[in-house]
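Data file: work-v6.pdb. Format and content: PDB, C-alpha atoms.
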ATOM      1  CA  MET A  94     -20.146   0.822  42.663  1.00  0.00           C
ATOM      2  CA  ARG A  95     -22.595   1.217  39.781  1.00  0.00           C
ATOM      3  CA  ARG A  96     -21.531   4.812  39.295  1.00  0.00           C
ATOM      4  CA  ILE A  97     -18.003   3.636  38.556  1.00  0.00           C
ATOM      5  CA  ALA A  98     -18.861   0.508  36.554  1.00  0.00           C
ATOM      6  CA  ILE A  99     -20.941   2.238  33.871  1.00  0.00           C
ATOM      7  CA  PRO A 100     -18.260   4.810  32.901  1.00  0.00           C
ATOM      8  CA  VAL A 101     -15.573   2.101  32.950  1.00  0.00           C
ATOM      9  CA  VAL A 102     -17.632  -0.118  30.632  1.00  0.00           C
ATOM     10  CA  LEU A 103     -18.325   2.832  28.313  1.00  0.00           C
ATOM     11  CA  LEU A 104     -14.627   3.734  28.193  1.00  0.00           C
ATOM     12  CA  ALA A 105     -13.763   0.111  27.411  1.00  0.00           C
ATOM     13  CA  ILE A 106     -16.303   0.035  24.569  1.00  0.00           C
ATOM     14  CA  ILE A 107     -15.019   3.338  23.165  1.00  0.00           C
ATOM     15  CA  GLY A 108     -11.416   2.118  23.422  1.00  0.00           C
ATOM     16  CA  LEU A 109     -12.288  -1.131  21.647  1.00  0.00           C
ATOM     17  CA  ALA A 110     -14.092   0.777  18.879  1.00  0.00           C
ATOM     18  CA  ILE A 111     -11.130   3.108  18.379  1.00  0.00           C
ATOM     19  CA  TRP A 112      -8.761   0.126  18.162  1.00  0.00           C
ATOM     20  CA  TRP A 113     -11.097  -1.884  15.866  1.00  0.00           C
ATOM     21  CA  PHE A 114     -11.518   0.974  13.376  1.00  0.00           C
ATOM     22  CA  SER A 115      -7.875   2.114  13.433  1.00  0.00           C
ATOM     23  CA  PRO A 116      -6.239   1.992   9.979  1.00  0.00           C
ATOM     24  CA  THR A 117      -3.799  -0.691  11.131  1.00  0.00           C
ATOM     25  CA  GLN A 118      -6.562  -3.072  12.225  1.00  0.00           C
ATOM     26  CA  VAL A 119      -8.710  -2.325   9.165  1.00  0.00           C
ATOM     27  CA  LEU A 120      -5.729  -3.054   6.872  1.00  0.00           C
ATOM     28  CA  LYS A 121      -4.975  -6.302   8.693  1.00  0.00           C
ATOM     29  CA  ARG A 122      -8.579  -7.449   8.351  1.00  0.00           C
ATOM     30  CA  ARG A 123      -8.706  -6.348   4.703  1.00  0.00           C
ATOM     31  CA  THR A 124      -5.483  -8.211   3.909  1.00  0.00           C
ATOM     32  CA  ALA A 125      -6.675 -11.345   5.714  1.00  0.00           C
ATOM     33  CA  ALA A 126      -9.986 -11.233   3.814  1.00  0.00           C
ATOM     34  CA  PHE A 127      -8.120 -10.812   0.509  1.00  0.00           C
ATOM     35  CA  ILE A 128      -5.932 -13.832   1.322  1.00  0.00           C
ATOM     36  CA  ASP A 129      -8.947 -15.881   2.376  1.00  0.00           C
ATOM     37  CA  THR A 130     -10.684 -15.028  -0.900  1.00  0.00           C
ATOM     38  CA  ALA A 131      -7.568 -16.020  -2.879  1.00  0.00           C
ATOM     39  CA  ASN A 132      -7.580 -19.557  -1.442  1.00  0.00           C
ATOM     40  CA  VAL A 133      -8.823 -22.282  -3.785  1.00  0.00           C
ATOM     41  CA  PRO A 134      -9.313 -25.557  -1.884  1.00  0.00           C
ATOM     42  CA  ALA A 135      -8.746 -28.751  -3.863  1.00  0.00           C
ATOM     43  CA  ASN A 136     -12.398 -29.745  -3.422  1.00  0.00           C
ATOM     44  CA  MET A 137     -13.882 -26.364  -4.471  1.00  0.00           C
ATOM     45  CA  SER A 138     -16.680 -26.505  -7.053  1.00  0.00           C
ATOM     46  CA  ASP A 139     -16.263 -25.170 -10.581  1.00  0.00           C
ATOM     47  CA  ILE A 140     -18.765 -22.400  -9.791  1.00  0.00           C
ATOM     48  CA  GLY A 141     -16.746 -21.341  -6.740  1.00  0.00           C
ATOM     49  CA  ARG A 142     -13.521 -21.393  -8.734  1.00  0.00           C
ATOM     50  CA  GLY A 143     -15.147 -19.300 -11.466  1.00  0.00           C
ATOM     51  CA  ALA A 144     -16.107 -16.621  -8.944  1.00  0.00           C
ATOM     52  CA  ARG A 145     -12.653 -16.270  -7.355  1.00  0.00           C
ATOM     53  CA  GLY A 146     -11.387 -13.536  -9.680  1.00  0.00           C
ATOM     54  CA  LYS A 147     -14.538 -11.443  -9.410  1.00  0.00           C
ATOM     55  CA  ASN A 148     -14.485 -11.766  -5.630  1.00  0.00           C
ATOM     56  CA  LEU A 149     -10.834 -10.659  -5.525  1.00  0.00           C
ATOM     57  CA  SER A 150     -11.559  -7.631  -7.709  1.00  0.00           C
ATOM     58  CA  ASP A 151     -13.523  -6.131  -4.803  1.00  0.00           C
ATOM     59  CA  TYR A 152     -10.163  -5.638  -3.058  1.00  0.00           C
ATOM     60  CA  MET A 153      -8.259  -4.167  -6.021  1.00  0.00           C
ATOM     61  CA  ALA A 154      -7.586  -0.643  -7.243  1.00  0.00           C
ATOM     62  CA  ASP A 155      -8.320   0.226 -10.891  1.00  0.00           C
ATOM     63  CA  ARG A 156      -4.740  -0.772 -11.788  1.00  0.00           C
ATOM     64  CA  VAL A 157      -2.719  -3.409  -9.963  1.00  0.00           C
ATOM     65  CA  ARG A 158       1.025  -3.932 -10.225  1.00  0.00           C
ATOM     66  CA  VAL A 159       2.402  -7.392  -9.499  1.00  0.00           C
ATOM     67  CA  ASP A 160       6.128  -7.786  -8.957  1.00  0.00           C
ATOM     68  CA  SER A 161       6.566 -11.531  -9.172  1.00  0.00           C
ATOM     69  CA  PRO A 162       9.439 -13.875  -9.930  1.00  0.00           C
ATOM     70  CA  GLU A 163      10.876 -13.190 -13.389  1.00  0.00           C
ATOM     71  CA  ASP A 164       9.495 -16.245 -15.226  1.00  0.00           C
ATOM     72  CA  LEU A 165       5.924 -15.372 -14.271  1.00  0.00           C
ATOM     73  CA  ALA A 166       6.372 -11.662 -15.025  1.00  0.00           C
ATOM     74  CA  GLU A 167       7.687 -12.479 -18.513  1.00  0.00           C
ATOM     75  CA  GLU A 168       4.598 -14.603 -19.235  1.00  0.00           C
ATOM     76  CA  LEU A 169       1.921 -12.280 -17.908  1.00  0.00           C
ATOM     77  CA  GLY A 170       3.391  -8.812 -17.496  1.00  0.00           C
ATOM     78  CA  ARG A 171       3.572  -6.676 -14.369  1.00  0.00           C
ATOM     79  CA  GLU A 172       0.623  -4.303 -14.500  1.00  0.00           C
ATOM     80  CA  PHE A 173      -3.031  -5.135 -14.973  1.00  0.00           C
ATOM     81  CA  SER A 174      -6.395  -3.459 -15.007  1.00  0.00           C
ATOM     82  CA  ARG A 175      -8.662  -4.718 -12.227  1.00  0.00           C
ATOM     83  CA  ASP A 176     -10.803  -6.615 -14.762  1.00  0.00           C
ATOM     84  CA  ARG A 177      -7.806  -8.297 -16.408  1.00  0.00           C
ATOM     85  CA  ALA A 178      -6.334  -9.261 -13.025  1.00  0.00           C
ATOM     86  CA  ALA A 179      -9.680 -10.752 -11.999  1.00  0.00           C
ATOM     87  CA  ALA A 180      -9.993 -12.656 -15.284  1.00  0.00           C
ATOM     88  CA  LEU A 181      -6.458 -14.043 -15.002  1.00  0.00           C
ATOM     89  CA  TYR A 182      -7.089 -15.170 -11.439  1.00  0.00           C
ATOM     90  CA  THR A 183     -10.311 -16.894 -12.508  1.00  0.00           C
ATOM     91  CA  VAL A 184      -8.354 -18.797 -15.163  1.00  0.00           C
ATOM     92  CA  VAL A 185      -5.734 -19.808 -12.592  1.00  0.00           C
ATOM     93  CA  ALA A 186      -8.418 -20.834 -10.070  1.00  0.00           C
ATOM     94  CA  ARG A 187     -10.124 -23.042 -12.657  1.00  0.00           C
ATOM     95  CA  TYR A 188      -6.844 -24.536 -13.852  1.00  0.00           C
ATOM     96  CA  CYS A 189      -5.062 -25.164 -10.542  1.00  0.00           C
ATOM     97  CA  ARG A 190      -5.299 -28.180  -8.335  1.00  0.00           C
ATOM     98  CA  GLU A 191      -5.124 -26.028  -5.205  1.00  0.00           C
ATOM     99  CA  ILE A 192      -4.118 -22.624  -3.857  1.00  0.00           C
ATOM    100  CA  SER A 193      -3.582 -22.696  -0.120  1.00  0.00           C
ATOM    101  CA  ILE A 194      -2.412 -19.623   1.792  1.00  0.00           C
ATOM    102  CA  THR A 195      -2.276 -20.242   5.534  1.00  0.00           C
ATOM    103  CA  ASP A 196      -0.474 -19.105   8.682  1.00  0.00           C
ATOM    104  CA  LEU A 197      -0.723 -15.419   7.789  1.00  0.00           C
ATOM    105  CA  THR A 198       1.786 -13.459   9.884  1.00  0.00           C
ATOM    106  CA  PHE A 199       1.911  -9.669   9.762  1.00  0.00           C
ATOM    107  CA  GLU A 200       5.405  -8.225   9.899  1.00  0.00           C
ATOM    108  CA  SER A 201       4.436  -4.547   9.688  1.00  0.00           C
ATOM    109  CA  VAL A 202       1.614  -2.200   8.772  1.00  0.00           C
ATOM    110  CA  THR A 203       2.475   1.406   8.008  1.00  0.00           C
ATOM    111  CA  HIS A 204       0.115   4.077   6.773  1.00  0.00           C
ATOM    112  CA  ASP A 205       0.360   7.709   5.855  1.00  0.00           C
ATOM    113  CA  GLY A 206      -2.960   9.316   5.047  1.00  0.00           C
ATOM    114  CA  ASP A 207      -4.557   7.397   2.197  1.00  0.00           C
ATOM    115  CA  HIS A 208      -1.546   5.166   1.453  1.00  0.00           C
ATOM    116  CA  ALA A 209      -0.372   2.080   3.321  1.00  0.00           C
ATOM    117  CA  VAL A 210       2.166  -0.721   3.137  1.00  0.00           C
ATOM    118  CA  VAL A 211       1.365  -4.110   4.650  1.00  0.00           C
ATOM    119  CA  ARG A 212       4.196  -6.633   4.953  1.00  0.00           C
ATOM    120  CA  PHE A 213       3.311 -10.217   5.777  1.00  0.00           C
ATOM    121  CA  SER A 214       4.333 -13.813   5.268  1.00  0.00           C
ATOM    122  CA  ALA A 215       2.265 -16.935   4.733  1.00  0.00           C
ATOM    123  CA  ASP A 216       2.712 -20.648   4.182  1.00  0.00           C
ATOM    124  CA  THR A 217       1.693 -21.069   0.555  1.00  0.00           C
ATOM    125  CA  ILE A 218       1.013 -23.889  -1.876  1.00  0.00           C
ATOM    126  CA  VAL A 219       0.070 -23.114  -5.473  1.00  0.00           C
ATOM    127  CA  ASP A 220      -0.269 -26.407  -7.307  1.00  0.00           C
ATOM    128  CA  LEU A 221      -0.618 -25.929 -11.060  1.00  0.00           C
ATOM    129  CA  PRO A 222      -0.374 -28.744 -13.604  1.00  0.00           C
ATOM    130  CA  ASN A 223       2.753 -28.554 -15.783  1.00  0.00           C
ATOM    131  CA  ARG A 224       4.511 -25.966 -13.571  1.00  0.00           C
ATOM    132  CA  ARG A 225       6.793 -26.104 -10.580  1.00  0.00           C
ATOM    133  CA  PRO A 226       4.524 -25.550  -7.594  1.00  0.00           C
ATOM    134  CA  VAL A 227       5.003 -22.685  -5.208  1.00  0.00           C
ATOM    135  CA  ASP A 228       5.457 -24.547  -1.969  1.00  0.00           C
ATOM    136  CA  GLY A 229       6.986 -22.646   0.900  1.00  0.00           C
ATOM    137  CA  ILE A 230       6.921 -19.407   2.824  1.00  0.00           C
ATOM    138  CA  VAL A 231       5.972 -16.409   0.729  1.00  0.00           C
ATOM    139  CA  THR A 232       6.925 -12.947   1.982  1.00  0.00           C
ATOM    140  CA  VAL A 233       4.769 -10.157   0.569  1.00  0.00           C
ATOM    141  CA  GLU A 234       4.926  -6.383   0.530  1.00  0.00           C
ATOM    142  CA  SER A 235       1.526  -5.016  -0.469  1.00  0.00           C
ATOM    143  CA  ARG A 236       0.637  -1.396  -1.110  1.00  0.00           C
ATOM    144  CA  TRP A 237      -2.875  -0.135  -0.499  1.00  0.00           C
ATOM    145  CA  GLN A 238      -4.682   3.112  -1.295  1.00  0.00           C
ATOM    146  CA  LYS A 239      -7.788   4.375   0.428  1.00  0.00           C
ATOM    147  CA  THR A 240     -10.354   5.231  -2.233  1.00  0.00           C
ATOM    148  CA  GLU A 241     -13.862   6.387  -1.360  1.00  0.00           C
ATOM    149  CA  GLY A 242     -13.471   5.031   2.167  1.00  0.00           C
ATOM    150  CA  ALA A 243     -12.196   1.564   1.199  1.00  0.00           C
ATOM    151  CA  TRP A 244      -8.612   0.280   1.216  1.00  0.00           C
ATOM    152  CA  LEU A 245      -7.806  -1.106  -2.260  1.00  0.00           C
ATOM    153  CA  LEU A 246      -4.741  -3.103  -3.279  1.00  0.00           C
ATOM    154  CA  GLU A 247      -2.469  -1.157  -5.662  1.00  0.00           C
ATOM    155  CA  SER A 248       0.524  -3.450  -5.858  1.00  0.00           C
ATOM    156  CA  PHE A 249       2.264  -6.373  -4.286  1.00  0.00           C
ATOM    157  CA  GLU A 250       5.654  -7.966  -4.506  1.00  0.00           C
ATOM    158  CA  TRP A 251       6.545 -11.384  -3.211  1.00  0.00           C
ATOM    159  CA  SER A 252       9.489 -13.660  -2.712  1.00  0.00           C
ATOM    160  CA  GLU A 253       9.472 -17.352  -1.929  1.00  0.00           C
ATOM    161  CA  SER A 254      11.617 -19.271   0.531  1.00  0.00           C
ATOM    162  CA  PRO A 255      11.547 -22.854   1.797  1.00  0.00           C
ATOM    163  CA  ARG A 256       9.494 -23.747   4.862  1.00  0.00           C
ATOM    164  CA  ARG A 257      11.288 -23.391   8.160  1.00  0.00           C
ATOM    165  CA  PRO A 258      12.045 -26.719   9.833  1.00  0.00           C
TER     166      PRO A 258
END
Let's see the structure in the file written out as structure tokens.
Amino acid sequence: MRRIAIPVVLLAIIGLAIWWFSPTQVLKRRTAAFIDTANVPANMSDIGRGARGKNLSDYMADRVRVDSPEDLAEELGREFSRDRAAALYTVVARYCREISITDLTFESVTHDGDHAVVRFSADTIVDLPNRRPVDGIVTVESRWQKTEGAWLLESFEWSESPRRP
């Protein structure tokens, strides 16, 4: 019995490792970590809010394209250097009441070599003073590039829809 159990356990461990380190699973974890880092709870300290942009920059490529609703794109533009994107997010994190991105649901993950597209949806609240809040389901298509062994966000596009009853 022992002669069979040891190889079975080893095969299970190898299978788990192959699954865990597959590009699809790595991209899902990377996306989830990016989303978690983007959250700004209402009770977050000023120091924590000030670090949000810098923490997000660890997930970004040198240039990031953001295809957002027209009113936001007109205000900020569509393409940013990593440093500018991080600085803008820090300003938003300090200014907002709350950014809550929950119920992350992956719709698809496709990859071809060093490029990938991750489509997902999430229940999102972005509560900014003096602006209409984002409050609903946000559907996102994000594009990632593998650079020096790490998947980095190159672009994302989102659309907003009301919460499902």
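Proximity ranking of A:Arg256, A:Arg212, A:Arg145, A:Arg171 relative to A:Val157 places A:Arg171 first, based on only C-alpha atoms.
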Using all atoms listed in the file, which residues sit within 9 Å of A:Glu253 once same-chain residues fewer than 6 positions away are excluded, as an mmCIF file with C-alpha atoms, in the frame of the given file?
data_model
loop_
_atom_site.group_PDB
_atom_site.id
_atom_site.type_symbol
_atom_site.label_atom_id
_atom_site.label_comp_id
_atom_site.auth_asym_id
_atom_site.auth_seq_id
_atom_site.Cartn_x
_atom_site.Cartn_y
_atom_site.Cartn_z
ATOM 1 C CA PRO A 162 9.439 -13.875 -9.930
ATOM 2 C CA THR A 217 1.693 -21.069 0.555
ATOM 3 C CA VAL A 227 5.003 -22.685 -5.208
ATOM 4 C CA ASP A 228 5.457 -24.547 -1.969
ATOM 5 C CA GLY A 229 6.986 -22.646 0.900
ATOM 6 C CA ILE A 230 6.921 -19.407 2.824
ATOM 7 C CA VAL A 231 5.972 -16.409 0.729
ATOM 8 C CA THR A 232 6.925 -12.947 1.982
ATOM 9 C CA VAL A 233 4.769 -10.157 0.569
#
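Closest to A:Gly146 among A:Glu250, A:Asp176, A:Asp129, A:Glu234 is A:Asp176, based on only C-alpha atoms.
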query: So which residues get picked by the PyMOL selection byres ((chain A and resi 148) around 12) here, written as a list in words?
result: Ala126, Phe127, Ile128, Asp129, Thr130, Ala131, Asn132, Gly141, Arg142, Gly143, Ala144, Arg145, Gly146, Lys147, Leu149, Ser150, Asp151, Tyr152, Met153, Arg175, Asp176, Ala178, Ala179, Ala180, Tyr182, Thr183 and Ala186 of chain A
statement: Among A:Lys121, A:Arg187, A:Arg96, A:Arg177, A:Glu200 is approached most closely, using all atoms listed in the file, by A:Lys121
- prompt: Do you know which residues lie at most 12 Å from (4.0, -23.7, -8.1), with coordinates as in the file and all atoms listed in the file counted, and could you write them as a list in words?
  reply: Pro162, Asp164, Leu165, Val185, Cys189, Arg190, Glu191, Ile192, Ser193, Thr217, Ile218, Val219, Asp220, Leu221, Pro222, Asn223, Arg224, Arg225, Pro226, Val227, Asp228, Gly229, Val231 and Glu253 of chain A
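Nearest to A:Val133 of all the residues A:Gly206, A:Phe114, A:Val184, A:Ala105 is A:Val184, based on all atoms listed in the file.
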query: At what distance in Å, to one decimal, does atom CA of A:Arg123 lie from atom CA of A:Thr240?
result: 13.6 Å
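The two atoms in question, atom CA of A:Glu241 and atom CA of A:Val159, are spaced 22.8 Å apart.
For the pair atom CA of A:His208 and atom CA of A:Trp237, the interatomic distance is 5.8 Å.
Distance check against A:Val211 using all atoms listed in the file: of A:Ser161, A:Tyr188, A:Phe173, A:Val119, the minimum falls on A:Val119.
With distances restricted to only C-alpha atoms, A:Ser235 is the closest residue to A:Thr203 from A:Ser235, A:Arg156, A:Leu245, A:Ile106.
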Incomplete stretch 183-197 of chain A filled out to N, CA, C and O atoms as a CSV table (one decimal), in the coordinates of the input:
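That gives us selection.csv:
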chain,number,residue,atom,x,y,z
A,183,THR,N,-9.3,-15.9,-12.3
A,183,THR,CA,-10.3,-16.9,-12.5
A,183,THR,C,-9.8,-18.0,-13.3
A,183,THR,O,-10.0,-19.2,-13.0
A,184,VAL,N,-9.0,-17.7,-14.3
A,184,VAL,CA,-8.4,-18.8,-15.2
A,184,VAL,C,-7.5,-19.7,-14.3
A,184,VAL,O,-7.5,-20.9,-14.4
A,185,VAL,N,-6.6,-19.1,-13.5
A,185,VAL,CA,-5.7,-19.8,-12.6
A,185,VAL,C,-6.5,-20.7,-11.6
A,185,VAL,O,-6.2,-21.8,-11.4
A,186,ALA,N,-7.6,-20.1,-11.0
A,186,ALA,CA,-8.4,-20.8,-10.1
A,186,ALA,C,-9.1,-22.0,-10.7
A,186,ALA,O,-9.2,-23.1,-10.1
A,187,ARG,N,-9.5,-21.9,-12.0
A,187,ARG,CA,-10.1,-23.0,-12.7
A,187,ARG,C,-9.1,-24.1,-13.0
A,187,ARG,O,-9.4,-25.3,-13.1
A,188,TYR,N,-7.9,-23.7,-13.3
A,188,TYR,CA,-6.8,-24.5,-13.9
A,188,TYR,C,-6.1,-25.3,-12.7
A,188,TYR,O,-5.6,-26.4,-12.9
A,189,CYS,N,-5.9,-24.6,-11.6
A,189,CYS,CA,-5.1,-25.2,-10.5
A,189,CYS,C,-5.7,-26.4,-9.9
A,189,CYS,O,-6.9,-26.6,-9.9
A,190,ARG,N,-4.8,-27.1,-9.2
A,190,ARG,CA,-5.3,-28.2,-8.3
A,190,ARG,C,-5.7,-27.6,-7.0
A,190,ARG,O,-6.7,-28.0,-6.4
A,191,GLU,N,-4.9,-26.6,-6.5
A,191,GLU,CA,-5.1,-26.0,-5.2
A,191,GLU,C,-4.3,-24.8,-5.1
A,191,GLU,O,-3.2,-24.7,-5.6
A,192,ILE,N,-4.9,-23.8,-4.3
A,192,ILE,CA,-4.1,-22.6,-3.9
A,192,ILE,C,-4.4,-22.5,-2.4
A,192,ILE,O,-5.6,-22.3,-2.0
A,193,SER,N,-3.4,-22.7,-1.6
A,193,SER,CA,-3.6,-22.7,-0.1
A,193,SER,C,-2.6,-21.7,0.5
A,193,SER,O,-1.4,-21.8,0.3
A,194,ILE,N,-3.2,-20.7,1.1
A,194,ILE,CA,-2.4,-19.6,1.8
A,194,ILE,C,-2.8,-19.6,3.3
A,194,ILE,O,-4.0,-19.2,3.6
A,195,THR,N,-1.9,-20.1,4.1
A,195,THR,CA,-2.3,-20.2,5.5
A,195,THR,C,-1.2,-19.6,6.4
A,195,THR,O,-0.2,-19.2,5.9
A,196,ASP,N,-1.4,-19.6,7.7
A,196,ASP,CA,-0.5,-19.1,8.7
A,196,ASP,C,0.0,-17.7,8.4
A,196,ASP,O,1.2,-17.4,8.4
A,197,LEU,N,-1.0,-16.8,8.1
A,197,LEU,CA,-0.7,-15.4,7.8
A,197,LEU,C,-0.1,-14.8,9.0
A,197,LEU,O,-0.6,-14.8,10.1
